[in-house]
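Visitor: So I've got this file, run-v1.txt, and it contains compact mmCIF, C-alpha atoms:
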# COMPACT_ATOMS: atom_id res chain seq x y z
CA MET S 1 -0.91 -0.65 19.71
CA SER S 2 2.08 -1.50 17.59
CA THR S 3 2.59 -1.43 13.85
CA LEU S 4 4.56 -3.54 11.37
CA HIS S 5 6.12 -1.26 8.76
CA THR S 6 7.25 -2.68 5.42
CA VAL S 7 9.60 -0.71 3.15
CA ASN S 8 10.36 -1.77 -0.43
CA LYS S 9 12.55 1.08 -1.73
CA SER S 10 16.34 1.35 -1.75
CA PRO S 11 17.62 4.03 0.66
CA PHE S 12 20.33 4.87 -1.89
CA ALA S 13 17.65 6.08 -4.31
CA GLN S 14 14.68 7.29 -2.27
CA GLN S 15 13.60 8.84 1.05
CA THR S 16 10.89 6.24 1.72
CA LEU S 17 12.82 4.45 4.46
CA SER S 18 13.82 7.73 6.15
CA SER S 19 10.15 8.73 6.28
CA CYS S 20 9.28 5.40 7.88
CA ILE S 21 12.12 5.62 10.42
CA ASN S 22 10.76 8.99 11.62
CA ILE S 23 7.35 7.45 12.32
CA CYS S 24 8.45 4.20 14.01
CA ARG S 25 8.05 4.00 17.75
CA ALA S 26 8.95 1.59 20.54
CA GLY S 27 7.29 -1.78 20.07
CA ASP S 28 6.95 -1.41 16.28
CA ALA S 29 8.74 -3.65 13.79
CA LEU S 30 10.28 -2.65 10.47
CA LEU S 31 10.64 -5.23 7.70
CA LEU S 32 12.82 -4.49 4.66
CA ILE S 33 11.47 -6.16 1.50
CA GLU S 34 12.24 -6.04 -2.25
CA ASP S 35 14.69 -3.16 -2.96
CA GLY S 36 14.28 -2.11 0.67
CA VAL S 37 16.75 -4.84 1.65
CA TYR S 38 19.65 -2.68 0.35
CA ALA S 39 19.18 -0.77 3.62
CA ALA S 40 20.64 -3.83 5.38
CA LEU S 41 24.09 -2.91 4.01
CA PRO S 42 26.41 -1.26 6.56
CA SER S 43 27.15 1.39 3.88
CA SER S 44 23.48 2.40 3.59
CA PRO S 45 22.80 6.12 4.13
CA THR S 46 20.25 5.02 6.72
CA ALA S 47 22.65 2.63 8.55
CA GLU S 48 23.20 4.83 11.62
CA ALA S 49 19.51 5.67 11.88
CA LEU S 50 18.57 1.99 11.68
CA LYS S 51 21.16 1.04 14.30
CA ALA S 52 19.76 3.70 16.63
CA LEU S 53 16.24 2.49 15.91
CA VAL S 54 17.14 -0.99 17.14
CA ARG S 55 19.51 -0.11 20.00
CA GLU S 56 17.89 3.04 21.41
CA ARG S 57 14.30 3.21 20.18
CA GLU S 58 13.25 -0.43 20.79
CA VAL S 59 12.11 -1.12 17.24
CA ASP S 60 12.67 -4.62 15.80
CA LEU S 61 14.38 -4.58 12.40
CA PHE S 62 14.14 -7.38 9.85
CA ALA S 63 15.02 -8.08 6.23
CA LEU S 64 13.30 -10.66 4.04
CA GLU S 65 15.67 -13.55 3.29
CA PRO S 66 14.68 -14.44 -0.31
CA ASP S 67 14.98 -10.76 -1.27
CA LEU S 68 18.48 -10.58 0.29
CA GLN S 69 19.51 -13.79 -1.46
CA ALA S 70 18.15 -12.65 -4.82
CA ARG S 71 20.35 -9.56 -4.66
CA GLY S 72 23.53 -11.27 -3.43
CA LEU S 73 23.29 -9.56 -0.06
CA ASP S 74 23.02 -12.40 2.44
CA ASP S 75 26.71 -12.15 3.50
CA ARG S 76 26.58 -8.36 3.75
CA VAL S 77 23.80 -7.84 6.29
CA SER S 78 24.53 -5.44 9.19
CA GLY S 79 24.62 -6.90 12.68
CA TRP S 80 21.53 -5.02 13.80
CA VAL S 81 19.31 -6.57 11.11
CA LYS S 82 17.53 -9.86 11.73
CA VAL S 83 16.71 -12.09 8.76
CA VAL S 84 13.26 -13.65 8.32
CA ASP S 85 11.54 -15.73 5.65
CA TYR S 86 7.88 -15.48 4.53
CA SER S 87 6.82 -17.48 7.54
CA GLY S 88 8.38 -14.76 9.69
CA PHE S 89 6.72 -12.03 7.60
CA VAL S 90 3.30 -13.57 8.26
CA GLN S 91 4.14 -14.05 11.93
CA LEU S 92 5.11 -10.37 12.25
CA SER S 93 1.86 -9.28 10.60
CA THR S 94 -0.12 -11.21 13.19
CA GLU S 95 1.92 -9.93 16.15
CA HIS S 96 1.29 -6.26 15.32
CA LYS S 97 -2.16 -4.73 15.18
CA THR S 98 -1.63 -2.86 11.91
CA VAL S 99 0.60 -3.06 8.85
CA GLN S 100 1.82 0.11 7.14
CA SER S 101 3.27 -0.40 3.67
CA TRP S 102 5.82 2.25 2.63
CA TYR S 103 6.36 2.17 -1.12
CA MET A 1 -19.34 -2.23 12.51
CA SER A 2 -17.31 0.94 12.12
CA ARG A 3 -13.53 0.72 11.93
CA LYS A 4 -10.88 3.35 12.54
CA ILE A 5 -9.05 3.58 9.22
CA LEU A 6 -6.17 5.92 8.39
CA PHE A 7 -5.40 6.78 4.78
CA THR A 8 -1.80 7.94 4.45
CA LEU A 9 -1.28 9.80 1.17
CA ARG A 10 2.42 10.13 0.31
CA HIS A 11 2.50 10.64 -3.45
CA ALA A 12 2.36 13.77 -5.59
CA PRO A 13 -0.56 14.21 -8.00
CA TYR A 14 -0.62 13.93 -11.83
CA GLY A 15 2.74 12.16 -12.38
CA SER A 16 1.09 8.86 -11.44
CA ALA A 17 -2.48 7.70 -10.82
CA ILE A 18 -1.83 6.90 -7.15
CA ALA A 19 -3.19 10.15 -5.69
CA ARG A 20 -6.35 10.13 -7.83
CA GLU A 21 -7.12 6.46 -7.21
CA ALA A 22 -6.38 6.89 -3.51
CA LEU A 23 -9.05 9.57 -3.37
CA ASP A 24 -11.54 7.24 -5.09
CA ALA A 25 -10.82 4.58 -2.45
CA LEU A 26 -11.10 7.17 0.31
CA LEU A 27 -14.50 8.42 -0.85
CA ALA A 28 -15.80 4.86 -1.28
CA THR A 29 -14.75 4.07 2.29
CA ALA A 30 -16.40 7.25 3.56
CA VAL A 31 -19.69 6.33 1.85
CA PHE A 32 -19.68 3.09 3.88
CA GLY A 33 -19.62 5.07 7.10
CA GLN A 34 -16.19 4.15 8.43
CA ASP A 35 -14.29 6.27 10.97
CA ILE A 36 -11.75 7.74 8.57
CA SER A 37 -8.66 9.85 9.14
CA VAL A 38 -6.52 11.22 6.31
CA LEU A 39 -2.84 12.07 6.59
CA PHE A 40 -0.92 13.99 3.94
CA MET A 41 2.78 13.22 4.18
CA ASP A 42 5.96 13.41 2.09
CA ASP A 43 5.11 14.39 -1.52
CA GLY A 44 1.43 13.83 -0.67
CA VAL A 45 1.38 17.40 0.69
CA PHE A 46 1.75 18.58 -2.93
CA GLN A 47 -1.82 17.33 -3.48
CA LEU A 48 -2.89 20.31 -1.36
CA LEU A 49 -1.26 23.12 -3.35
CA PRO A 50 -3.74 25.74 -4.58
CA LYS A 51 -4.03 26.79 -8.23
CA GLN A 52 -3.69 23.30 -9.70
CA SER A 53 -4.63 23.52 -13.41
CA PRO A 54 -4.16 20.14 -15.08
CA GLU A 55 -6.66 20.91 -17.89
CA ALA A 56 -3.95 20.90 -20.58
CA LEU A 57 -2.74 17.38 -19.72
CA PRO A 58 -5.71 16.73 -19.50
CA GLN A 59 -6.48 15.36 -16.04
CA LYS A 60 -9.10 16.11 -13.41
CA THR A 61 -8.15 18.64 -10.75
CA LEU A 62 -7.33 16.72 -7.59
CA SER A 63 -7.43 19.60 -5.12
CA SER A 64 -11.06 20.46 -5.93
CA SER A 65 -12.06 16.84 -5.26
CA LEU A 66 -10.12 16.87 -1.99
CA SER A 67 -11.98 19.96 -0.83
CA ALA A 68 -15.19 17.88 -1.03
CA LEU A 69 -13.99 15.57 1.76
CA PRO A 70 -15.95 17.34 4.54
CA LEU A 71 -19.15 16.76 2.48
CA TYR A 72 -18.48 13.03 2.91
CA ASP A 73 -18.08 13.53 6.67
CA VAL A 74 -14.32 13.05 6.39
CA GLU A 75 -13.24 15.66 8.88
CA LYS A 76 -10.12 14.19 10.54
CA LEU A 77 -7.61 15.74 8.17
CA TYR A 78 -3.94 15.80 9.11
CA VAL A 79 -0.75 17.04 7.54
CA HIS A 80 2.78 15.99 8.56
CA ALA A 81 4.47 19.26 9.55
CA PRO A 82 8.08 18.19 8.75
CA SER A 83 6.96 17.22 5.21
CA LEU A 84 5.52 20.72 4.71
CA GLU A 85 8.59 22.38 6.16
CA ALA A 86 10.97 20.35 3.98
CA ARG A 87 9.07 21.61 0.92
CA GLY A 88 8.96 25.25 2.00
CA LEU A 89 5.19 25.22 2.50
CA THR A 90 2.91 26.38 5.29
CA LYS A 91 -0.46 24.96 6.30
CA ASP A 92 -2.21 28.31 5.70
CA GLU A 93 -1.47 28.38 1.97
CA LEU A 94 -2.96 24.92 1.29
CA ALA A 95 -6.20 24.30 -0.62
CA LEU A 96 -7.93 22.35 2.18
CA ASP A 97 -9.46 23.87 5.31
CA GLY A 98 -9.46 22.21 8.71
CA LEU A 99 -6.08 20.51 8.43
CA VAL A 100 -4.38 19.66 11.72
CA SER A 101 -0.60 19.80 11.70
CA LEU A 102 1.21 16.83 13.31
CA THR A 103 4.79 16.16 14.37
CA SER A 104 6.35 12.77 13.55
CA GLU A 105 5.68 11.65 17.14
CA GLU A 106 2.03 12.63 16.79
CA VAL A 107 1.79 10.70 13.51
CA ALA A 108 3.17 7.64 15.33
CA THR A 109 0.45 8.07 17.96
CA LEU A 110 -2.19 8.43 15.22
CA PHE A 111 -0.99 5.16 13.65
CA GLY A 112 -1.30 3.49 17.03
CA GLU A 113 -4.95 4.48 17.39
CA GLN A 114 -6.11 2.84 14.14
CA ASP A 115 -7.67 -0.53 13.29
CA HIS A 116 -6.22 -0.45 9.76
CA LEU A 117 -3.61 1.57 7.88
CA LEU A 118 -4.15 2.08 4.17
CA SER A 119 -1.20 3.57 2.32
CA PHE A 120 -1.23 5.34 -1.03
CA MET N 1 -6.70 -14.59 11.75
CA LYS N 2 -8.65 -12.86 8.95
CA PHE N 3 -6.61 -11.02 6.31
CA ALA N 4 -7.66 -8.63 3.54
CA LEU N 5 -4.97 -8.02 0.92
CA ALA N 6 -4.68 -5.07 -1.46
CA ILE N 7 -2.35 -5.34 -4.44
CA TYR N 8 -1.54 -2.17 -6.38
CA ALA N 9 1.53 -3.41 -8.27
CA ALA N 10 1.46 -4.57 -11.89
CA PRO N 11 2.53 -8.14 -12.64
CA PHE N 12 5.77 -8.55 -14.60
CA SER N 13 6.72 -4.92 -13.80
CA ALA N 14 7.12 -4.87 -10.03
CA GLN N 15 8.36 -7.53 -7.63
CA ALA N 16 5.56 -6.53 -5.25
CA SER N 17 3.22 -8.69 -7.30
CA GLN N 18 5.33 -11.75 -6.46
CA THR N 19 5.75 -10.66 -2.84
CA ALA N 20 1.98 -10.57 -2.47
CA LEU N 21 1.64 -14.05 -3.97
CA HIS N 22 4.27 -15.55 -1.62
CA PHE N 23 2.70 -13.81 1.37
CA THR N 24 -0.77 -15.13 0.48
CA GLN N 25 0.55 -18.67 -0.01
CA GLU N 26 2.25 -18.51 3.39
CA LEU N 27 -0.90 -17.11 5.06
CA LEU N 28 -2.90 -20.06 3.77
CA ALA N 29 -0.17 -22.52 4.73
CA GLN N 30 -0.32 -21.22 8.30
CA GLY N 31 -4.08 -21.67 8.38
CA HIS N 32 -5.11 -18.02 8.27
CA GLU N 33 -8.25 -16.93 6.48
CA VAL N 34 -7.99 -14.69 3.41
CA VAL N 35 -11.21 -12.66 3.48
CA ARG N 36 -10.58 -11.15 0.06
CA VAL N 37 -7.79 -10.25 -2.34
CA PHE N 38 -8.39 -6.91 -4.03
CA PHE N 39 -6.46 -5.89 -7.13
CA TYR N 40 -6.43 -2.12 -7.54
CA GLN N 41 -4.53 0.45 -9.61
CA ASP N 42 -1.96 -1.29 -11.85
CA GLY N 43 -2.56 -4.50 -9.89
CA VAL N 44 -5.65 -5.08 -12.07
CA HIS N 45 -3.38 -6.25 -14.90
CA THR N 46 -2.96 -9.45 -12.90
CA GLY N 47 -6.46 -10.35 -14.08
CA ASN N 48 -5.44 -10.43 -17.75
CA GLN N 49 -5.49 -14.09 -18.75
CA LEU N 50 -3.95 -13.22 -22.12
CA ALA N 51 -0.59 -12.45 -20.46
CA THR N 52 1.90 -14.69 -22.26
CA PRO N 53 5.32 -14.67 -20.62
CA ALA N 54 8.24 -16.69 -21.96
CA GLN N 55 8.38 -20.40 -20.99
CA ASP N 56 11.22 -19.84 -18.49
CA GLU N 57 9.47 -16.95 -16.73
CA GLN N 58 6.81 -17.18 -14.03
CA ASN N 59 3.26 -16.63 -15.24
CA ILE N 60 2.00 -14.75 -12.22
CA THR N 61 -1.58 -14.53 -13.48
CA GLU N 62 -1.60 -18.34 -13.80
CA ALA N 63 -0.11 -18.64 -10.30
CA TRP N 64 -2.87 -16.45 -8.82
CA ARG N 65 -5.53 -18.39 -10.74
CA ALA N 66 -4.20 -21.71 -9.46
CA LEU N 67 -4.07 -20.42 -5.87
CA THR N 68 -7.59 -19.02 -6.20
CA ARG N 69 -8.93 -22.38 -7.43
CA ALA N 70 -7.02 -24.43 -4.86
CA HIS N 71 -8.28 -22.42 -1.88
CA ASP N 72 -11.55 -21.14 -3.31
CA LEU N 73 -10.33 -17.59 -2.71
CA ASP N 74 -12.47 -14.50 -3.13
CA VAL N 75 -10.44 -12.39 -5.59
CA VAL N 76 -11.82 -9.09 -6.82
CA VAL N 77 -10.41 -6.92 -9.60
CA CYS N 78 -11.53 -3.30 -9.18
CA ILE N 79 -13.94 -2.59 -12.00
CA ALA N 80 -13.32 1.14 -12.44
CA THR N 81 -9.54 0.92 -12.54
CA ALA N 82 -9.67 -2.30 -14.62
CA LEU N 83 -11.98 -1.06 -17.38
CA LYS N 84 -9.83 1.95 -18.16
CA ARG N 85 -6.76 -0.29 -18.33
CA GLY N 86 -8.47 -2.68 -20.75
CA ILE N 87 -9.25 -5.53 -18.35
CA LEU N 88 -12.82 -6.64 -19.10
CA ASN N 89 -15.01 -9.67 -18.57
CA GLU N 90 -17.48 -10.75 -21.24
CA GLU N 91 -20.37 -8.82 -19.73
CA GLU N 92 -18.43 -5.53 -19.72
CA ALA N 93 -17.00 -6.16 -23.19
CA GLN N 94 -20.56 -6.49 -24.51
CA ARG N 95 -21.78 -3.46 -22.58
CA TYR N 96 -19.04 -1.25 -24.01
CA GLN N 97 -19.05 -2.97 -27.43
CA GLN N 98 -15.42 -4.00 -27.17
CA PRO N 99 -14.08 -6.72 -29.50
CA ALA N 100 -12.74 -9.01 -26.76
CA SER N 101 -12.68 -9.79 -23.06
CA ASN N 102 -9.66 -10.98 -21.09
CA LEU N 103 -10.47 -11.30 -17.38
CA ALA N 104 -9.49 -14.68 -15.96
CA PRO N 105 -12.73 -16.50 -14.95
CA GLU N 106 -11.48 -17.13 -11.39
CA PHE N 107 -11.63 -13.40 -10.62
CA ALA N 108 -14.64 -11.13 -10.10
CA LEU N 109 -14.92 -7.62 -11.51
CA SER N 110 -16.47 -5.45 -8.83
CA GLY N 111 -16.37 -2.11 -7.07
CA LEU N 112 -14.51 -0.50 -4.20
CA GLY N 113 -17.40 -1.38 -1.91
CA GLN N 114 -16.15 -4.98 -1.98
CA TRP N 115 -12.81 -3.74 -0.71
CA VAL N 116 -14.32 -1.68 2.10
CA GLU N 117 -16.49 -4.61 3.15
CA ALA N 118 -13.40 -6.84 3.30
CA VAL N 119 -11.45 -4.26 5.32
CA VAL N 120 -14.26 -4.02 7.85
CA ARG N 121 -14.36 -7.82 8.29
CA ALA N 122 -10.58 -8.31 8.44
CA ASP N 123 -8.32 -8.44 11.49
CA ARG N 124 -5.38 -7.38 9.33
CA VAL N 125 -5.06 -5.45 6.09
CA VAL N 126 -1.82 -5.71 4.12
CA THR N 127 -1.04 -3.49 1.12
CA PHE N 128 1.41 -4.40 -1.64
CA GLY N 129 2.40 -1.28 -3.57
CA ALA N 130 4.83 -1.00 -6.46
Could you spell out this file's structure in structure tokens?

Guide:
Amino acid sequence: MSTLHTVNKSPFAQQTLSSCINICRAGDALLLIEDGVYAALPSSPTAEALKALVREREVDLFALEPDLQARGLDDRVSGWVKVVDYSGFVQLSTEHKTVQSWY
Amino acid sequence: MSRKILFTLRHAPYGSAIAREALDALLATAVFGQDISVLFMDDGVFQLLPKQSPEALPQKTLSSSLSALPLYDVEKLYVHAPSLEARGLTKDELALDGLVSLTSEEVATLFGEQDHLLSF
Amino acid sequence: MKFALAIYAAPFSAQASQTALHFTQELLAQGHEVVRVFFYQDGVHTGNQLATPAQDEQNITEAWRALTRAHDLDVVVCIATALKRGILNEEEAQRYQQPASNLAPEFALSGLGQWVEAVVRADRVVTFGA
């Protein structure tokens, strides 16, 4: 059964997202929230790993829209990141059997 | 009704209350007879170092409380092997017996088997 | 779907406190059931009704209280982690001979057993850590 992973730490400062990426598997979804949304930048140290996650490992990748907007990031989001609002966050949590919060 | 619940412990002890309060939650859940697994990962593996002596802080010794887990019938104890390796540690030197070492792929499988994931 | 929510983040210190509030509001808007909200670790500070933010800042304790009243939510503040952080209801203040209590009346002070019971009943558990 699949898992929704949420990550709320910047990949420029901490390894939290890298840890999560290692545990994601096909069918899972990863949602960037709070400072985690800095990982949506193409310059993120995790950019290549996230791109591979989406294109090769069949993991869905999202970032939370109000958190992007708050940080002035909404025009800087990488092409492999989908943007969702809270309605989407709730939807994702119902579509996956479990939610793992990485913080 | 018994649920399969995985506690993932990713934080080092003493610097914050997360590890201690995670253990309290873990023991409370065990008392209620749930099907518990525990995974030590990232800095959470530091909770398992022997010779912890936080008396001077003072705080309670976490590792001695962790070694009581089997008494609460918590026997599915896992450690993330890459987290140990990255910190120059081996499973044999840790303060908890009965730990099973898992690769990242095996952790992903473990996640997939659970009803709920509780992260600390 | 039945949700149990755990909030470990302190209000006013971590955005996670606001994330949890938005998520809960959206859950209710979509017609999901919130089995219980459990404040644990530094999240227990959310129960402090004496929090007095500036006029132009969100009062997150007030926001949780209003949501709790509007939807008759079951909100529990963990007693063990709350007492040591100075969050007390009147009963506990008397028991420990403290000069004041501060727990918002919408919230219950109770033990981890309440959390486990909610987890067992829930289809989904979501954690909000700092």

Visitor: Counting only C-alpha atoms, what are the residues of chain S within 6 Å of chain A, and for each of them which pair of atoms is the nearest and at what distance in Å, to one decimal? Sort the table by chain and rising number, as a Markdown table.

Guide:
| residue | atom | partner | partner_atom | distance |
| --- | --- | --- | --- | --- |
| S:Met1 | CA | A:Gly112 | CA | 4.9 |
| S:Ile23 | CA | A:Ala108 | CA | 5.2 |
| S:Thr98 | CA | A:His116 | CA | 5.6 |
| S:Gln100 | CA | A:Leu117 | CA | 5.7 |

Visitor: Around the point (3.1, -6.7, -12.8), in the coordinates given by the file, pick out the residues reaching within 12 Å, counting only C-alpha atoms, and return them as an MDAnalysis selection string.

Guide: chainID N and resid 7:21 39:48 51 53 58:61 128:130

Visitor: Taking all atoms listed in the file into account, which residues of chain S are within 7 Å of chain N, as a list of chain:residue names?

Guide: S:Glu34, S:Tyr86, S:Ser87, S:Val90, S:Thr98, S:Val99, S:Ser101, S:Tyr103

Visitor: Got a sec: who's within 8 Å of Arg121 of chain N, counting only C-alpha atoms, leaving out chain neighbours fewer than 3 positions off, as a PyMOL selection string?

Guide: chain N and resi 2+35+117-118

Visitor: Write out as a PyMOL selection string each polymer residue whose atoms come within 10 Å of Pro50 of chain A, counting only C-alpha atoms; drop sequence neighbours fewer than 4 positions from it.

Guide: chain A and resi 46+63-64+93-96

Visitor: Which is closer to chain A than all the others in N:Ala66, N:Ala122, N:Val75, N:Val34, using all atoms listed in the file?

Guide: N:Ala122

Visitor: Quick one: distance from atom CA of Leu69 of chain A to atom CA of Gln34 of chain A in Å, one decimal?

Guide: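 Separating atom CA of Leu69 of chain A from atom CA of Gln34 of chain A is a distance of 13.4 Å.
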
Visitor: Using only C-alpha atoms and a distance of at most 7 Å, pull out the residues of chain A that contact chain N, as a list in words.

Guide: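 So the residues of chain A near chain N are Arg3, Glu21, Ala25, Ala28, Thr29 and His116 of chain A.
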
Visitor: So, counting only C-alpha atoms, which residue among S:Trp102, S:Arg55, S:Ala39, S:Leu92 is closest to Ser2 of chain S?

Guide: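 Comparing S:Trp102, S:Arg55, S:Ala39, S:Leu92 against Ser2 of chain S, the winner is S:Leu92.
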
Visitor: Residues proximal to (22.4, 5.7, 5.9) were defined as those with any atom within 12 Å of that point in the file's coordinates, counting all atoms listed in the file. Which are they, as a list of chain:residue names?

Guide: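 So the residues meeting the distance criterion are S:Ser10, S:Pro11, S:Phe12, S:Ala13, S:Gln14, S:Gln15, S:Leu17, S:Ser18, S:Ile21, S:Tyr38, S:Ala39, S:Ala40, S:Leu41, S:Pro42, S:Ser43, S:Ser44, S:Pro45, S:Thr46, S:Ala47, S:Glu48, S:Ala49, S:Leu50, S:Lys51, S:Ala52, S:Ser78.
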
Visitor: What's around Leu77 of chain A at 7 Å? Count all atoms listed in the file, leave out sequence neighbours fewer than 3 positions away in its own chain, and write the answer as number ranges by chain.

Guide: A: 37-39, 98-100

Visitor: Just to confirm, what's the straight-line distance from atom CA of Asp75 of chain S to atom CA of Val7 of chain S in Å (one decimal)?

Guide: 20.6 Å

Visitor: Would you kindly return, as a ChimeraX atom specification, each protein, DNA or RNA residue with an atom no farther than 12 Å from any atom of Gln69 of chain S, considering only C-alpha atoms and excluding same-chain residues fewer than 3 positions away?

Guide: /S:33-35,37-38,63-66,72-77,83-85

Visitor: Would you save segment 6-55 of chain A to a file, keeping C-alpha atoms, as a PDB file, in the first residue's frame?

Guide:
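The result, written out as selection_6.pdb:
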ATOM      1  CA  LEU A   6       5.262   1.875  12.953  1.00  0.00           C
ATOM      2  CA  PHE A   7       7.121   4.375  15.118  1.00  0.00           C
ATOM      3  CA  THR A   8       9.953   5.957  13.148  1.00  0.00           C
ATOM      4  CA  LEU A   9      12.457   7.612  15.492  1.00  0.00           C
ATOM      5  CA  ARG A  10      14.752  10.010  13.631  1.00  0.00           C
ATOM      6  CA  HIS A  11      16.004  12.417  16.285  1.00  0.00           C
ATOM      7  CA  ALA A  12      19.016  12.315  18.594  1.00  0.00           C
ATOM      8  CA  PRO A  13      18.430  12.214  22.360  1.00  0.00           C
ATOM      9  CA  TYR A  14      18.962  14.974  24.976  1.00  0.00           C
ATOM     10  CA  GLY A  15      19.251  18.004  22.642  1.00  0.00           C
ATOM     11  CA  SER A  16      15.462  18.075  22.349  1.00  0.00           C
ATOM     12  CA  ALA A  17      12.576  16.303  24.097  1.00  0.00           C
ATOM     13  CA  ILE A  18      11.466  14.494  20.930  1.00  0.00           C
ATOM     14  CA  ALA A  19      13.226  11.180  21.616  1.00  0.00           C
ATOM     15  CA  ARG A  20      12.081  10.993  25.253  1.00  0.00           C
ATOM     16  CA  GLU A  21       8.480  11.923  24.490  1.00  0.00           C
ATOM     17  CA  ALA A  22       8.443   9.537  21.535  1.00  0.00           C
ATOM     18  CA  LEU A  23       9.346   6.725  23.896  1.00  0.00           C
ATOM     19  CA  ASP A  24       6.498   7.721  26.238  1.00  0.00           C
ATOM     20  CA  ALA A  25       4.074   7.561  23.306  1.00  0.00           C
ATOM     21  CA  LEU A  26       5.541   4.242  22.198  1.00  0.00           C
ATOM     22  CA  LEU A  27       5.151   2.632  25.623  1.00  0.00           C
ATOM     23  CA  ALA A  28       1.591   3.961  25.981  1.00  0.00           C
ATOM     24  CA  THR A  29       0.711   2.426  22.614  1.00  0.00           C
ATOM     25  CA  ALA A  30       2.307  -0.875  23.608  1.00  0.00           C
ATOM     26  CA  VAL A  31       0.247  -0.994  26.823  1.00  0.00           C
ATOM     27  CA  PHE A  32      -2.898  -0.825  24.654  1.00  0.00           C
ATOM     28  CA  GLY A  33      -1.862  -3.992  22.862  1.00  0.00           C
ATOM     29  CA  GLN A  34      -1.210  -2.639  19.378  1.00  0.00           C
ATOM     30  CA  ASP A  35       0.990  -4.418  16.818  1.00  0.00           C
ATOM     31  CA  ILE A  36       3.986  -2.111  17.081  1.00  0.00           C
ATOM     32  CA  SER A  37       7.180  -1.879  15.068  1.00  0.00           C
ATOM     33  CA  VAL A  38       9.986   0.564  15.875  1.00  0.00           C
ATOM     34  CA  LEU A  39      12.472   1.914  13.351  1.00  0.00           C
ATOM     35  CA  PHE A  40      15.601   3.845  14.315  1.00  0.00           C
ATOM     36  CA  MET A  41      16.735   6.020  11.438  1.00  0.00           C
ATOM     37  CA  ASP A  42      18.912   9.078  10.749  1.00  0.00           C
ATOM     38  CA  ASP A  43      20.053  10.654  14.050  1.00  0.00           C
ATOM     39  CA  GLY A  44      17.586   8.373  15.846  1.00  0.00           C
ATOM     40  CA  VAL A  45      20.290   5.672  15.781  1.00  0.00           C
ATOM     41  CA  PHE A  46      22.214   7.811  18.306  1.00  0.00           C
ATOM     42  CA  GLN A  47      19.498   6.898  20.835  1.00  0.00           C
ATOM     43  CA  LEU A  48      21.040   3.417  20.803  1.00  0.00           C
ATOM     44  CA  LEU A  49      24.626   4.298  21.715  1.00  0.00           C
ATOM     45  CA  PRO A  50      25.865   2.566  24.877  1.00  0.00           C
ATOM     46  CA  LYS A  51      27.364   4.431  27.847  1.00  0.00           C
ATOM     47  CA  GLN A  52      24.893   7.324  27.809  1.00  0.00           C
ATOM     48  CA  SER A  53      25.380   9.286  31.057  1.00  0.00           C
ATOM     49  CA  PRO A  54      23.114  12.339  31.098  1.00  0.00           C
ATOM     50  CA  GLU A  55      23.098  12.584  34.928  1.00  0.00           C
TER      51      GLU A  55
END
